[in-house]
Each structure stands twice: as C-alpha cells, then as structure tokens.
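Visitor: Pasting a structure here, questions to come.
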Amino acid sequence: MCLHGTPCRWCSGDDGRVDSRTVYVGHRSPPGSDTHIVQKFCSNRIVSSKYTLWNFLPKNLFEQFRRIANFYFLIIFLVQVIVDTPTSPVTSGLPLFFVITVTAVKQGYEDWLRHKADKEVNESTVYVVENKKLVEKECQVIKVGDIVQVTEDLVFPCDLILLSTSREEGVCYVTTASLDGESNHKTYYAVSDTMKLSTDEEVGAVNATIECEQPQSDLYKFVGRMHIYGDTHEPVARSLGPENLLLKGATLKNTKKIYGVAVYTGMETKMALNYQGKSQKRSVVEKSINSFLLVYLFLLLSKAVVCTTLKYVWQTKFFLDEVWYNRPVKKDTNQFLHMFTDFLSFMVLFNFIIPVSMYVTVEMQKFFGSFFISWDEEMYDEKIQEGALVNTSDLNEELGQVEYVFTDKTGTLTENNMEFIECCIDGYRYSHKDPFTEVDGFCSTDGPITKLYGRAEKEREELFLRALCLCHTVEINEEDQPDRPTKKDNCRTYISSSPDEIALVKGAEKYGFSFIGRENNYLKIQNRSNETEWYQLLHILNFDPVRRRMSVIVKMQSGSIVLICKGADSSIIPRVKQDQVEEIKRHVERNALDGYRTLCVAYRELEQDEYNVMDSQLNEAKLSLHERDRKMSEVYDTIETDMQLIGATAVEDKLQEQAAETIEALHEAGIKVWVLTGDKMETAKSTCYASRLFQNDTELLELTTKTTGDVDRKEERLHELLREFHKTLMQGITNHRQGSRKSWMSVKEYGLIIDGSTLSLILNPQDDRQSTQHKMLFLQICQKCTAVLCCRMAPLQKAQIVRMVKNTKGRPITLSVGDGANDVSMILEAHVGIGIKGKEGRQAARNSDYAILKFKHLRKLILVHGHLFYVRIAHLVQYFFYKNLCFILPQFLYQFFCGFSQQPLYDAAYLTMYNICFTSLPILAYSLLEQRTSIERLSTEFKLYKNISNNALLQWKPFLYWTSLGLYEGLVFFFGAYSVIRNSALGDNGQVFGNWTFGTLIFTILVFTVTVKLALDTRYWTWLNHLVIWGSLAFYVFFSFFWGGIIWPFIKQQRMYFVFAHMLTSVSVWLTIILLIFVSLLPDILVTVFKNSREAQHQKVQKDSVSSRSSARPLLLRTFSDESNVV
C-alpha cells in the first residue's frame, strides 16, 4: 500500500500490488510531502495468553463442553435438575465439576504463566531515538517506524531493519537460538547508505521510507526496499532481504550496538506468527476410545429402553402397579411424555457406564508420562548439556504403533561434521590426509600434497583454490582468541550455517590458500607466498535447494570480473562446456561410491558490458516486491550458464554412532525404514550399506533416470519396470512361502531405489489415466521391499512420499525424523514427527513432536518408551470401561427386583466418589509406572514390539474380553450378594438388613475386586503402587465408616447411618466379600496363568531352536554372494 504515490514512482513492475506496507523511518515525511497519512499498525504489545480475567470462565467452559463426553454429562446433569430422577444431581454434577475444574485450573495456570512472561517482555526497557535524542521507553510502546538502539547481549524488541552498527564494515552478529535453536553466530548487514551513521543525531536525521511485504511467518524470507532521500528529491533505492532483517527474540553478539527501524511489531513479528495455528494430531488410541464409547453408549441406550419398556409391561398387569396400602394412582393423560421422562430417568440412573473421568486420567497420564522421556539419562548429551524434548504429549502412545520410519540422511544418519578428503582439478586427483581437525576451528601448517596420476597446471590449481576461498558465505569469529599473537591468522574459527562450506575453506587452507576475512565488500585471501589478495565482492547468488548451487561475482585485482559457481554435479555439469568433463565426472562418481559428499566448481569470465547487463537485471529483481524469488531465480539461471568446469571436491560425513545398530533394531521390530535424501544416488547408496539398511544379499530394484532411459519413452519404460518389479516381488514371496517349510534360510530381501525425477513421473504423469495405476504398482512394490531409498528428493517430495504411504489401505502409522529445515514438511506430514537437534539449525526440532540429540536415541524412544506408553494407556482405557461396566450392571439387574421403579442401588456418595476417589489413583499410578516387560528386555528383544503393532491391545478381541470380564463380575457381585441377602436376618441379634445394606455390600465387593484385579495385573511394584492401591482401599473403608457414622444436618434422609459398620458385624458378610472377590477374579487368574505358561514354553522352544541353528548358520552364510544384485 503506497501513500501519496511517493514511493511508487520508483517501483517498476509492481502495479496493482496490495500486499505491502510503507514505513516512514523515524516518522519523518519524505521531501515534497508536507504531511503523510499515519498508517495503523499493530502495537508492540505481545499477547501469547489465551484468556483474560473477564473471558476465562465463559471461553474455557465453551471449549471444554465442545468435548462430547463433557457435553453428555452436562445434559445428564440438567436432566437430573429438571426432571424428577432417582438420583441426586450431585451424583453426575460433582464428577463433572471435578473434571471441568481440574482442566480449568491446569489451563488457567498455564495461561497465568504466559501472562507473566508477556508482562516481563512488554514492560522491559528499550531505547528509541526521538528528535535526535535517545529516549528510554517500555517495549510495548514501540511503534512501526521508530528507530531503536540495541546494545550487545540484548534481545531485539521487534523486527528491525538494520541501519547501522558499531562495526566499521556495517555488519553485526546475531544468535537466533530462541527462534530456530541455532546457537552459532549469524551475520546481518546494514543498508549500505546508512551503515556509517554512528550517533543518535546522525541516525535521527535519516529521511527514508521502507516498502516491504506484509507480515508472514517464514523466518528466512523477507522482501523489501528502502528509498533514501538526500538533498535532492530523487531517492536512492536499495533492496532489502532477510540478511537486513533482525528478528524479535534474537540476541545481538560481538557487536557493541546497532540502530534499526521497526517494521513489524507485537503480534505481527515473525516470532509471534510462528507460534500460532499449529495443527493437532490425533493418536490411534483416541480413535479407539471413541469407538468403544459408541459401544457403551449403545449399551446405555439399550438398558434405558429395556427398563422403560419392561416397566410399562409390568404395570399392565392387574394391581402390580398399585400396592394395597396406597391409594389408586391417577393415570397420566400424556402417556408418551411420561414414558420419555422415565426413559431419561433410566438414562440418568445408568449414565455412569460412560467414564467421564477417563479423559482427565488419560490427559494426566500423557502429561506426567512425557517427563520420563525428558528425564531419560541415556538420551542426554553431556557435550551440549541437553536431553530429549517433548513438544506434545498427546502422541506418547503413538510411538508404540509405528510401522514406517522416514529418515533424512545428512545430519540424521550421518554426523554432519564435514571433513575435507580430496579434490580433483582438471581430472587430476589431489589427496591430503591431515590428522589435525577440530569442530569449531582448524589449525595447520603447510603440508605435502600427494599427487596421483600427475598434476594440473599451477595456474589452474590456484584458480581452483581461490574459487574455494571466494565462493562461500563463511565468516571469521575474530574474538574467539583475542590474546593470541599475530600468528593466529593460521589458526582461526570459521562461522557458517553450512558445515560443507567450512570444510571446503579448511580444505583450501590445507593447500596453502587461506580465507582471512571480509572488509567493506572486499574478500581477503592469503596465498602460498603469505601475500594478501583483495577481491571486490560484487554479488552473491545465494544457495537454494531448488538450484542446488551458489555463485559469487568478484572483481579480481587485475580488474577482470569472474563468476565462480559451486554446487551439486547434477546442477553444475549441464551448465558447463562439455569438453574435459568426463574425467571430473568419473572422479565425482568414484567419490560418491565411496560415500563422500561431492561438489563441482566452475567459473566464467565476464566482459564489462556483459556484467553491466547482469548487474542491472540483478538489481531490478532485488528491488521487486512482487514475486522477487521467482524473478531472482530466472536471473540466476541466465547468469549461471556457459561456464568452465575446474574441478570437484570430496567431503566426508561420517555415520553417526550406533546408526546401523538402530536401523537393525527397527527392522527386527517389524518397522520399515525409508531414507529420503537430496543427495545423489551413489552417496546415499553407500550410506545405506554402511548403516545396514541394505544387506550384502539384498536385491536392489532401481527406478532412476538411468534405468528409465530416453526422454521420449520414459513413461512407457517406467510402466514396464513397475510391472517387472511387481512380478519379481510376487514370485519371490510365493517361492518364500513354498520354501519356508523346508529351509529357514529361504528369505529373500528386496530394496528399492528411486530418485526425485522418477517419483515425479509416478505422482504426476502426463497421462492422468496412468496415474492411479502407477501409484498402485509403486506402493505395492514399496510395501513388499524391506527398505526403500529415495534420493534427489526435494522437501515437498519428501512430504508427498509420507502422505502417500500414510493414506494407503490400513492407514499405517508413520514417523519422520530429520534435522534440517528441508525436513520440516515431512515431519509435519507424518503421524509422529521427530526432530534432531543438529548442525543444520533447529527448525526441525522446533516443528517436531519430539526432539532428540542423536539418531541412536530413536531406538529407545520407539522400542522402549513407545512400547511402555502404549501398553500402559491401552490397559488404562480397557480398565476404565471394565470397572464402569462392573459398577452399573448390578444397578441394571436391581431394576428387575424393584419393579423398574428407578430405585438406585448405591448411595449418592458412592455414585459420586467411585470414579473420582476410590478407583482413580491406582490406575493412574499403574499407567505411569507399569513395566509388564522390563526395560532391559525391551532394549534387547526388539521383536517384542511386533506384539503390540496394529493397535493389538485395543482391538475388538481384547475389548470383548474385558467387557465379558465386566459382565461376569457384575453378575457375580449381584447374584452372589443376593443369594446371601435373601436370608434377611444376618445379624447376631436378628436385625434385618435392608436394600442400602445390599447395595453397600455389592459396592464393597466391587471396589475391592477391581482394585485387587489391578494389583494382580501389576508386574512392576514401587512404593507408589503400594501406597495408592492399598491406600485407596483403606480410604474407602475409612470414608464408609465416616460417612455412615455421623448424622449429617444437610441431608434430609439419613439412610446410610451406621449401615456400613452394622454390615461388617456379620460373619456371613465377611465370608461373602472374600468368597465373591475370589470367584470374580478366578477366571482372569486362570487365563493369566495359562498365558504365562504358554509364553514361557514358547520362549523355551525359541531359545532351543536358536541354539541349534547357531552352529549351522556360518556354514550356510558362505553360500551368500558378497555383492548385491541390481535389477
């Protein structure tokens, strides 16, 4: 939006643009305009809180009652209040109040912490330049256009365009750890026309406007331009990019002070926008709970319908509905209304079959359970003093259901700690092995150069090494060793966002050419003669994952202009002259087979006229606000052509510790591992063999540009290959099934390799009719393969692969793990996203559900923590439905003996406290601490993970078992107590026991049975288990004595007075309680004993089988080929 047309006169090609803003620096009007319309921008007040004091109650209640279970119990409570129901509204109102209150307190406390943090930020002190003077203000009053001063080690209060710094070269160093987790220093650049301004008066006198895009959440994108007005009315236009934008939340380092103008404030800053609208993921357990809830809702409705129907059937019999000692009841004229009221009353009576408190228990289990991941000492890294991080606890149990793991390669399977190995110049190989390397810096003296197959010309050698020293974005940390003598030039620490670039600069240093810094747009190099060479940096053509290359345009000391380009071989070789390419290409392919990361280096000499055209095109594209990225990319493509190839480099990225063992463990657990990488096929393939994703006897199927052949018939060839591979796999499976009875060694493993271009043909063929068929064949092939390698993948293609697999039949649970910004899309797409806190920044960790330090930690996270989480929560869910069925079934059966009069069996206090107090804590402790299988065994026997795959413990079969158990025990409780209570005089004094004694007896047996059942299920006992299990039973006994031992003034009917104490005076009652508990638990005990003996026998047979094969296996393995067969 341009005001008064002032900036728009200088904006070519952007007519009609509406998604931009104009910022007046220091709120000064541009020359020629007496006034300007003040635009309304967001204040700098940060509001991360969700509620206020006034809207907390209605907003929180609205959100909580959007949950079906809460809304259902609210309806039941209202029915109890409005309709004359057999139970007090307290029985459903109090549990609902407890659930709502606990959740509200938790959310309110979390929001109070956010309010506290917001207040601290909003009221912090900042310094703003007003009327050429420095004024102290609160952070929240900063407005767009204010000039702000920030000093060293302080946080930027809003998003600022850098005007000037205390450094002469006009740069400042910043850490963005609070934004993306990157702790290394990043370099930002001041606008060239204002970089020399050093005082408040000079900065306050700046007359300029900034036109930039509207706020957006991408931390690494910014498009804008600055119009600087001098003595004349013709402004100077300068392009602005992300390198000029200082983000709120970042910290100023190694720079005394900076001046910047606020462009985005408050909730429009990139930091604030990045904390909004994160998508929610639902676990498979949640879906199972909803399914089971529908079954129990159907049971509830069925019970209410049956009881309502039988009540009116019973009343049709003569005199049964009217007892002789009452006056005749007048018939209700509105029979249907009366029936509906009775139906609602029965619904209220049986509503406790729906476990509302289960939701609170599940949330608490997930919340507290997530701490076990953070506290795991084996997942803690001593070097960086950090452990695993749980960003969301809603998916803990999903870790126990993973079927596919999609992993990045660089920085995930590998260390991302690059070491320069060798290079090739004009086809001649230069290998230099130097033991002195370190992570943050490199120190060495000139060493010998090993020459293989001759040596390139000296001029070409030096051109190549100068190219390595010039074509990068590396900076030098000048203050890392301030007390060192002058010789420290040979011992320096490099700073860069890419480890590859540091490795290449160190590689050039090994051969005598050292990059010693940049100063005022000049790059300094120290050559072999220890002479300093100066090169004017004219333009940087930044790296992006689509181009897969970067370039610089520099002016040599001789005055000639040179374009230097480095990048992946696939992006460089098509753009160079094709003479003398083959030798370097062979060198690159050989390095890739050795598992090294390779880059090609090319150059092009530019004529002055040619450069002038390029400079004009680049400046025009940089000044564009509309589609700047596309225009820049088009200009880059025209510039980076017709180059000459100089050579190539090889950098080693070592495999992470225990990466191979982790992949083997995942395979053994039945999890399929796919590697999705942007690297070339040969490099990725070598890494897959090293990490044991592919075995020596794995037969590889390739779907790459090499196998699909010519461009004209690519799709036909692809279809042929897909059908051929599908046929091969189906034959292999048939042969395995036929031969499995004869030999245990008849398993044939297949692996698939596919590249990005072939995947594009499968997902987006020219003929739409073939799309579905290609996808179907491709998916069937992938599912039959033990491992898949996808190379040359763009970030979007990674997400497409994950989406394609997770949407297949059966909806398999997917997990994505990566460490870089290019992995964020697949991490967000998968059911579970794992970020590794790596050297490519922490965007992946910030966008993930869980963050770990190393790939090896994935083994314990999935196979141990995931296994335990799933088993615990599955038992929790089944147990809740089981104990509520035991609770309500006797109430239902009691209606057959009370004329369907809706008489409650249990006292209102028992109805209210059953789920809240008497049975809640034991199952919560169980779901947090239980280890049905020990951690030691889970850490070694990875096949145990298969036992819980496909949501095994929450399928209909175990659900029906638990339901049958609840039905059986409910019948035992009722009819066992009924058979005893029929002898009405159980007391020694002949006193009669009534219906409340009958209900209390059943309730006592119920509480003890379901609690003892949980004790029998417990395999891993701690003091906390003992405390909550036996403590809950003791509390029930104490409460029953207390509740029945006092005449409560607020209760009209003292029906429970002394009932419990009097009941326990009967020896028959004691015997009944003990006997019925035993009878109730006997079937479950027998089933458990049978399962345990069967499992022990199976383990013994398996152990004997393994030991008998151990001697024969090495001999049989000799028949395997050491080479893989590539189809």
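If you're wondering about the labels, chains in the structure tokens are A, B, ... by order shown, residues count from 1 in each chain, ligands from 1 in order shown.
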Can you pull out the residues contacting stretch 941-952 of chain A? Cut-off 6 Å, using only C-alpha atoms, and skip same-chain residues under 6 positions away; I want them as a list of chain:residue names.
Guide: A:Gln401, A:Glu668, A:Ala669
Visitor: Save the residues we just selected, C-alpha atoms, as a tab-separated table (two decimals), in the first residue's frame?
Guide:
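Produced file out.tsv, reproduced below:
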```tsv
chain	number	residue	atom	x	y	z
A	401	GLN	CA	2.48	-48.15	16.89
A	668	GLU	CA	13.85	-56.59	13.79
A	669	ALA	CA	10.88	-54.85	15.40
```
Visitor: Residues within 9 Å of A:Ser92, please, as a ChimeraX atom specification. Count only C-alpha atoms; anything in the same chain fewer than 5 positions from it doesn't count.
Guide: /A:73-74,76-77,80,87,97,348,351-352,911-912
Visitor: Those residues with N, CA, C and O atoms, as a short mmCIF file (atom, residue, chain, number, x, y, z; two decimals), in the first residue's frame please?
Guide:
```
data_model
loop_
_atom_site.label_atom_id
_atom_site.label_comp_id
_atom_site.auth_asym_id
_atom_site.auth_seq_id
_atom_site.Cartn_x
_atom_site.Cartn_y
_atom_site.Cartn_z
N PHE A 73 -22.40 -35.35 29.85
CA PHE A 73 -22.65 -35.31 31.29
C PHE A 73 -23.33 -34.01 31.71
O PHE A 73 -24.06 -33.98 32.71
N LEU A 74 -23.12 -32.94 30.95
CA LEU A 74 -23.85 -31.71 31.23
C LEU A 74 -25.34 -31.90 30.98
O LEU A 74 -26.18 -31.46 31.76
N ILE A 76 -26.94 -34.77 31.11
CA ILE A 76 -27.43 -35.64 32.18
C ILE A 76 -27.68 -34.83 33.45
O ILE A 76 -28.70 -35.01 34.14
N PHE A 77 -26.77 -33.94 33.77
CA PHE A 77 -26.92 -33.12 34.97
C PHE A 77 -28.17 -32.24 34.86
O PHE A 77 -28.94 -32.11 35.83
N GLN A 80 -31.24 -34.24 35.45
CA GLN A 80 -31.44 -34.51 36.87
C GLN A 80 -32.02 -33.30 37.61
O GLN A 80 -32.79 -33.44 38.55
N THR A 87 -31.78 -40.31 41.16
CA THR A 87 -30.51 -39.95 41.81
C THR A 87 -30.39 -38.44 41.88
O THR A 87 -30.96 -37.71 41.07
N PHE A 97 -18.08 -31.51 37.64
CA PHE A 97 -17.43 -30.32 38.22
C PHE A 97 -15.95 -30.59 38.49
O PHE A 97 -15.10 -29.72 38.24
N VAL A 348 -30.25 -41.44 33.32
CA VAL A 348 -29.53 -40.85 34.44
C VAL A 348 -29.04 -41.93 35.38
O VAL A 348 -27.91 -41.89 35.88
N ASN A 351 -26.05 -43.72 33.74
CA ASN A 351 -25.10 -42.90 32.96
C ASN A 351 -23.65 -43.12 33.36
O ASN A 351 -22.75 -42.76 32.62
N PHE A 352 -23.41 -43.72 34.55
CA PHE A 352 -22.03 -43.89 35.00
C PHE A 352 -21.28 -44.97 34.22
O PHE A 352 -20.10 -45.20 34.45
N LEU A 911 -21.92 -43.23 44.40
CA LEU A 911 -22.03 -42.94 42.96
C LEU A 911 -21.07 -41.83 42.56
O LEU A 911 -20.44 -41.88 41.50
N THR A 912 -20.98 -40.83 43.43
CA THR A 912 -20.15 -39.66 43.11
C THR A 912 -18.66 -39.96 43.19
O THR A 912 -17.88 -39.53 42.34
#
```
Visitor: At what distance in Å, to one decimal, does atom CA of A:Glu702 lie from atom CA of A:Lys685?
Guide: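 A separation of 11.2 Å between them.
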Visitor: Closest to A:Glu589 among A:Glu213, A:Glu607, A:Glu682, A:Glu661, using only C-alpha atoms?
Guide: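 Selected residue with least distance to A:Glu589: A:Glu682.
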Visitor: Find the residue from A:Arg932, A:Ser939, A:Gln658, A:Tyr906 that sits nearest to A:Lys856; use only C-alpha atoms when measuring.
Guide: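 Of A:Arg932, A:Ser939, A:Gln658, A:Tyr906, the one nearest A:Lys856 is A:Gln658, counting only C-alpha atoms.
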